[in-house]
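Everything below concerns the one structure shown next.
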Amino acid sequence: MLFILSKGTIENAYAAFVMANGARMEGIESEIFFTFFGLEAIQKKKLEHLRVATVGNPALHMPTMLGGLPGVEALATKMMKKEMEKLDMPPVGEFLEILSDSGCKLWGCKLAIDMFHLEREDLIDELDGILTIGDFYARADQEGTHLLFI
Amino acid sequence: MKKLIAQREIDVNEEGYLLDFNQWDKEIGKSLADENSISLTDRHWEVIDFLHEKYRKEEPLSIRGIKKSGVIDIKEFYSLFPGGPLKVSTLIAGIPKPKSCI
């Protein structure tokens with residue numbers, strides 16, 4: 001299973017992590033390619049500050065005006081993290097360590113890294129490398145490979 | 001259903017997990033490990049002891065729990081029980097397959 005994480009909200013990051021980890025736990029190979037805002041999840045300074053989007057997210061059942069008020073996003077994120085902790089969901093940094101130790105390969109997208117002017121040292125130590133999309137497709141070139149865009 | 005494991009009739013579910021832990025002993029564990037092409041070393045037994053302890057305390061198993069166990073790290077866990085470590089190790093240990101997604 002190959003995952004492309006393109007979004008920087010906490011629920012999208014966790015979706016990728018839970019599925020990639022779940023694959024490893026079932027004995028299935030898994031890799032994650034972080035691109036565009038998905039790079040937030042592998043930046044040392046940002047990864048513990050991912051948030052849930054309170055604006056433009058109808059599933060939260062919160063009026064858009066309210067969602068945009070200062071502190072609302074932080075509060076919603078805090079509540080969600082509390083629920084996750086109850087389920088023993090690891091924080092982002094620990095989850096990345098677990099994934100890496102489990103043999104899930106973690107890749108950064110070269111184009112997006114260049115675009116955001118990021119250096120290798122801005123990114124987590126567990127990162128297995130920086131790839132072009134062509135490199136990533138080459139990794140997908142095996143029978144039975146599934147690619148999932150998040 | 002019944003399955004012949006180590007020359008004994010054992011109650012298992014459709015995935016091969018033991019239904020009654022009281023029917024488990026080391027011989028059964030060894031035989032289940034053989035079926036999964038694993039030859040059990042002292043390290044495997046240490047992990048199995050840890051799993052039994054968690055089972056007795058009715059504490060749910062997760063990969064995060066393995067990381068915190070102090071018995072084994074995740075890398076070694078994967079190398080000892082290839083092909084889905086929690087799934088395989090709990091099967092050998094004769095306890096139910098963990099239901100958690102993490």
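Residue names in the structure tokens use chain letters A, B, ... in the order shown, residue numbers from 1 in each chain, and ligand numbers from 1 in the order shown.
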
Close residues, Gly83 in chain B itself excluded, 10 Å, only C-alpha atoms, min 4 positions apart in chain, as number ranges by chain: A: 24-29; B: 36, 78-79, 87-88

Near range 76-87 of chain A, counting only C-alpha atoms, which residues have an atom at most 8 Å away, once you skip same-chain residues fewer than 6 positions from it, shown as a VMD selection string? chain A and resid 51 to 52 54

Keeping only N, CA and C atoms, write the selected residues as a short mmCIF file (atom, residue, chain, number, x, y, z; two decimals), in the first residue's frame.
```cif
data_model
loop_
_atom_site.label_atom_id
_atom_site.label_comp_id
_atom_site.auth_asym_id
_atom_site.auth_seq_id
_atom_site.Cartn_x
_atom_site.Cartn_y
_atom_site.Cartn_z
N ARG A 51 -3.58 20.69 13.10
CA ARG A 51 -4.91 21.01 13.64
C ARG A 51 -6.02 20.43 12.77
N VAL A 52 -7.18 20.34 13.39
CA VAL A 52 -8.37 19.96 12.64
C VAL A 52 -8.94 21.25 12.03
N THR A 54 -11.64 23.81 11.21
CA THR A 54 -12.99 24.12 11.70
C THR A 54 -13.78 24.97 10.71
#
```

Residues within 7 Å of Val12 in chain B, please, as a ChimeraX atom specification. Count only C-alpha atoms; anything in the same chain fewer than 2 positions from it doesn't count. /B:1-3,10,14,16-19

Determine, counting only C-alpha atoms, which protein, DNA and RNA residues have an atom within 12 Å of an atom of His117 in chain A; residues of the same chain fewer than 6 positions away are not included. Present the result as a list in words. Phe36, Leu39, Lys110, Leu111 and Leu123 of chain A

Chain A contacts to chain B at 9 Å (only C-alpha atoms) as a PyMOL selection string: chain A and resi 18-19+21-28+87-90+94-95+98+100-103

Can you tell me, as a compact mmCIF listing (two decimals) with N, CA and C atoms, in the first residue's frame, which residues in chain A count as alpha helix (DSSP H) by DSSP?
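File part36.txt, as written:
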```
# COMPACT_ATOMS: atom_id res chain seq x y z
N ILE A 10 -4.87 17.45 10.91
CA ILE A 10 -4.53 16.31 11.76
C ILE A 10 -5.32 15.06 11.37
N GLU A 11 -6.59 15.25 10.96
CA GLU A 11 -7.39 14.05 10.64
C GLU A 11 -6.88 13.35 9.38
N ASN A 12 -6.35 14.11 8.46
CA ASN A 12 -5.79 13.49 7.26
C ASN A 12 -4.47 12.78 7.55
N ALA A 13 -3.65 13.41 8.37
CA ALA A 13 -2.39 12.78 8.75
C ALA A 13 -2.66 11.46 9.46
N TYR A 14 -3.60 11.47 10.42
CA TYR A 14 -3.91 10.24 11.15
C TYR A 14 -4.51 9.17 10.24
N ALA A 15 -5.32 9.60 9.28
CA ALA A 15 -5.89 8.62 8.35
C ALA A 15 -4.76 7.87 7.64
N ALA A 16 -3.78 8.62 7.17
CA ALA A 16 -2.65 7.98 6.48
C ALA A 16 -1.86 7.09 7.44
N PHE A 17 -1.61 7.60 8.64
CA PHE A 17 -0.79 6.84 9.60
C PHE A 17 -1.49 5.55 10.03
N VAL A 18 -2.79 5.64 10.33
CA VAL A 18 -3.50 4.46 10.82
C VAL A 18 -3.55 3.40 9.72
N MET A 19 -3.78 3.84 8.48
CA MET A 19 -3.86 2.87 7.39
C MET A 19 -2.49 2.27 7.06
N ALA A 20 -1.45 3.11 7.08
CA ALA A 20 -0.11 2.60 6.77
C ALA A 20 0.36 1.65 7.87
N ASN A 21 0.08 2.01 9.12
CA ASN A 21 0.46 1.14 10.23
C ASN A 21 -0.37 -0.15 10.21
N GLY A 22 -1.66 0.01 9.92
CA GLY A 22 -2.55 -1.15 9.84
C GLY A 22 -2.07 -2.15 8.79
N ALA A 23 -1.58 -1.62 7.69
CA ALA A 23 -1.05 -2.49 6.64
C ALA A 23 0.15 -3.29 7.17
N ARG A 24 1.08 -2.61 7.81
CA ARG A 24 2.27 -3.30 8.34
C ARG A 24 1.86 -4.38 9.34
N MET A 25 0.86 -4.05 10.17
CA MET A 25 0.41 -5.01 11.19
C MET A 25 -0.23 -6.25 10.57
N THR A 64 -19.82 28.25 10.05
CA THR A 64 -18.54 28.69 9.50
C THR A 64 -18.00 29.93 10.23
N MET A 65 -18.92 30.87 10.54
CA MET A 65 -18.51 32.09 11.24
C MET A 65 -17.85 31.77 12.58
N LEU A 66 -18.44 30.81 13.28
CA LEU A 66 -17.92 30.42 14.60
C LEU A 66 -16.56 29.73 14.44
N GLY A 67 -16.48 28.86 13.45
CA GLY A 67 -15.23 28.12 13.21
C GLY A 67 -14.05 29.04 12.94
N VAL A 72 -10.90 28.82 18.25
CA VAL A 72 -11.87 27.73 18.04
C VAL A 72 -11.18 26.50 17.45
N GLU A 73 -10.29 26.76 16.48
CA GLU A 73 -9.57 25.66 15.86
C GLU A 73 -8.70 24.93 16.89
N ALA A 74 -8.04 25.71 17.73
CA ALA A 74 -7.17 25.13 18.76
C ALA A 74 -7.99 24.30 19.74
N LEU A 75 -9.17 24.82 20.09
CA LEU A 75 -10.03 24.11 21.05
C LEU A 75 -10.54 22.80 20.45
N ALA A 76 -11.00 22.87 19.20
CA ALA A 76 -11.50 21.66 18.53
C ALA A 76 -10.38 20.62 18.43
N THR A 77 -9.16 21.09 18.13
CA THR A 77 -8.02 20.18 18.02
C THR A 77 -7.71 19.53 19.36
N LYS A 78 -7.77 20.35 20.41
CA LYS A 78 -7.49 19.84 21.76
C LYS A 78 -8.48 18.74 22.13
N MET A 79 -9.76 18.99 21.81
CA MET A 79 -10.78 18.00 22.13
C MET A 79 -10.56 16.71 21.36
N MET A 80 -10.19 16.87 20.09
CA MET A 80 -9.98 15.68 19.28
C MET A 80 -8.78 14.88 19.79
N LYS A 81 -7.71 15.59 20.15
CA LYS A 81 -6.51 14.91 20.65
C LYS A 81 -6.81 14.16 21.95
N LYS A 82 -7.70 14.75 22.77
CA LYS A 82 -8.06 14.10 24.02
C LYS A 82 -8.77 12.77 23.75
N GLU A 83 -9.67 12.80 22.78
CA GLU A 83 -10.38 11.57 22.41
C GLU A 83 -9.41 10.53 21.85
N MET A 84 -8.45 11.01 21.05
CA MET A 84 -7.46 10.09 20.47
C MET A 84 -6.61 9.45 21.55
N GLU A 85 -6.23 10.25 22.53
CA GLU A 85 -5.40 9.74 23.63
C GLU A 85 -6.14 8.64 24.38
N LYS A 86 -7.45 8.79 24.54
CA LYS A 86 -8.26 7.77 25.21
C LYS A 86 -8.17 6.43 24.49
N VAL A 92 1.66 12.63 16.90
CA VAL A 92 2.22 12.53 15.54
C VAL A 92 3.69 12.06 15.53
N GLY A 93 4.52 12.69 16.37
CA GLY A 93 5.95 12.34 16.38
C GLY A 93 6.17 10.88 16.74
N GLU A 94 5.45 10.40 17.76
CA GLU A 94 5.61 9.01 18.18
C GLU A 94 5.06 8.05 17.12
N PHE A 95 3.99 8.46 16.48
CA PHE A 95 3.39 7.63 15.43
C PHE A 95 4.39 7.44 14.28
N LEU A 96 5.09 8.53 13.93
CA LEU A 96 6.09 8.44 12.86
C LEU A 96 7.22 7.49 13.25
N GLU A 97 7.63 7.53 14.52
CA GLU A 97 8.66 6.60 15.00
C GLU A 97 8.17 5.16 14.87
N ILE A 98 6.92 4.93 15.29
CA ILE A 98 6.34 3.58 15.22
C ILE A 98 6.32 3.10 13.77
N LEU A 99 5.88 3.99 12.87
CA LEU A 99 5.80 3.62 11.45
C LEU A 99 7.19 3.26 10.92
N SER A 100 8.15 4.10 11.24
CA SER A 100 9.51 3.87 10.75
C SER A 100 10.06 2.55 11.30
N ASP A 101 9.88 2.31 12.61
CA ASP A 101 10.36 1.07 13.22
C ASP A 101 9.63 -0.15 12.66
N LYS A 110 10.15 15.98 -3.52
CA LYS A 110 11.21 16.95 -3.84
C LYS A 110 10.64 18.30 -4.26
N LEU A 111 9.65 18.25 -5.15
CA LEU A 111 9.10 19.51 -5.68
C LEU A 111 8.51 20.38 -4.56
N ALA A 112 7.74 19.76 -3.68
CA ALA A 112 7.09 20.51 -2.60
C ALA A 112 8.12 21.01 -1.59
N ILE A 113 9.14 20.19 -1.33
CA ILE A 113 10.20 20.60 -0.39
C ILE A 113 10.94 21.82 -0.93
N ASP A 114 11.22 21.80 -2.24
CA ASP A 114 11.87 22.95 -2.89
C ASP A 114 10.94 24.17 -2.83
N MET A 115 9.67 23.93 -3.09
CA MET A 115 8.73 25.04 -3.14
C MET A 115 8.60 25.74 -1.78
N ILE A 133 8.32 12.49 -8.12
CA ILE A 133 7.13 11.64 -8.31
C ILE A 133 7.48 10.43 -9.18
N GLY A 134 8.43 10.63 -10.09
CA GLY A 134 8.88 9.51 -10.92
C GLY A 134 9.51 8.40 -10.09
N ASP A 135 10.35 8.82 -9.12
CA ASP A 135 10.97 7.83 -8.21
C ASP A 135 9.89 7.06 -7.46
N PHE A 136 8.86 7.80 -7.05
CA PHE A 136 7.80 7.19 -6.26
C PHE A 136 7.01 6.19 -7.11
N TYR A 137 6.72 6.58 -8.34
CA TYR A 137 6.03 5.65 -9.25
C TYR A 137 6.85 4.39 -9.47
N ALA A 138 8.16 4.57 -9.55
CA ALA A 138 9.03 3.40 -9.74
C ALA A 138 8.86 2.43 -8.58
N ARG A 139 8.65 2.97 -7.37
CA ARG A 139 8.46 2.11 -6.20
C ARG A 139 7.10 1.41 -6.26
N ALA A 140 6.16 2.02 -6.99
CA ALA A 140 4.82 1.43 -7.10
C ALA A 140 4.74 0.37 -8.19
```

Return the single residue from B:Trp45, B:Glu15, B:Lys68, B:Ala6 that is closest to Ile28 in chain B, with distances computed using only C-alpha atoms. B:Ala6

Excluding range 42-44 of chain A and any residue of its chain fewer than 3 positions from it, enumerate the residues within 8 Å of it, using only C-alpha atoms, and give them as a CSV table (one decimal) with N, CA and C atoms, in the first residue's frame.
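Full text of around-v8.csv as output:
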```csv
chain,number,residue,atom,x,y,z
A,34,PHE,N,5.0,12.2,1.4
A,34,PHE,CA,4.5,13.5,1.9
A,34,PHE,C,4.7,14.6,0.9
A,38,GLY,N,1.0,18.1,3.2
A,38,GLY,CA,1.3,16.9,4.0
A,38,GLY,C,2.7,17.0,4.6
A,39,LEU,N,3.5,17.8,4.1
A,39,LEU,CA,4.9,18.0,4.6
A,39,LEU,C,4.9,18.6,6.0
A,47,LEU,N,5.2,19.4,13.4
A,47,LEU,CA,4.4,18.1,13.4
A,47,LEU,C,3.5,17.9,14.6
A,122,ASP,N,15.2,20.3,8.4
A,122,ASP,CA,13.9,20.7,8.9
A,122,ASP,C,13.0,19.5,9.1
A,123,LEU,N,13.3,18.4,8.4
A,123,LEU,CA,12.5,17.3,8.4
A,123,LEU,C,12.9,16.2,9.4
A,124,ILE,N,12.0,15.3,9.8
A,124,ILE,CA,12.3,14.3,10.8
A,124,ILE,C,13.4,13.4,10.4
A,127,LEU,N,12.9,10.2,8.2
A,127,LEU,CA,12.6,10.2,6.7
A,127,LEU,C,13.6,9.4,5.9
```

Best match for closeness to Glu35 in chain B among B:Gln23, B:Leu91, B:Arg56, B:Val71, counting only C-alpha atoms: B:Leu91

For Tyr55 in chain B, find every residue with an atom within 10 Å (counting only C-alpha atoms), except residues of its own chain fewer than 4 positions away, and show them as number ranges by chain. B: 21, 49-51, 59-61, 90, 93, 95-96

Using DSSP assignments from the backbone, pull out every residue in chain B that falls under strand (DSSP E) and give it to me as a ChimeraX atom specification. /B:2-5,8-11

To one decimal place, how far is CA of Asp141 in chain A from CA of Leu2 in chain A in Å?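 Distance between the two atoms: 10.8 Å.
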
Close residues, Leu80 in chain B itself excluded, 12 Å, only C-alpha atoms, min 6 positions apart in chain, as a PyMOL selection string: chain B and resi 33+36-48+72-74+86+88-89
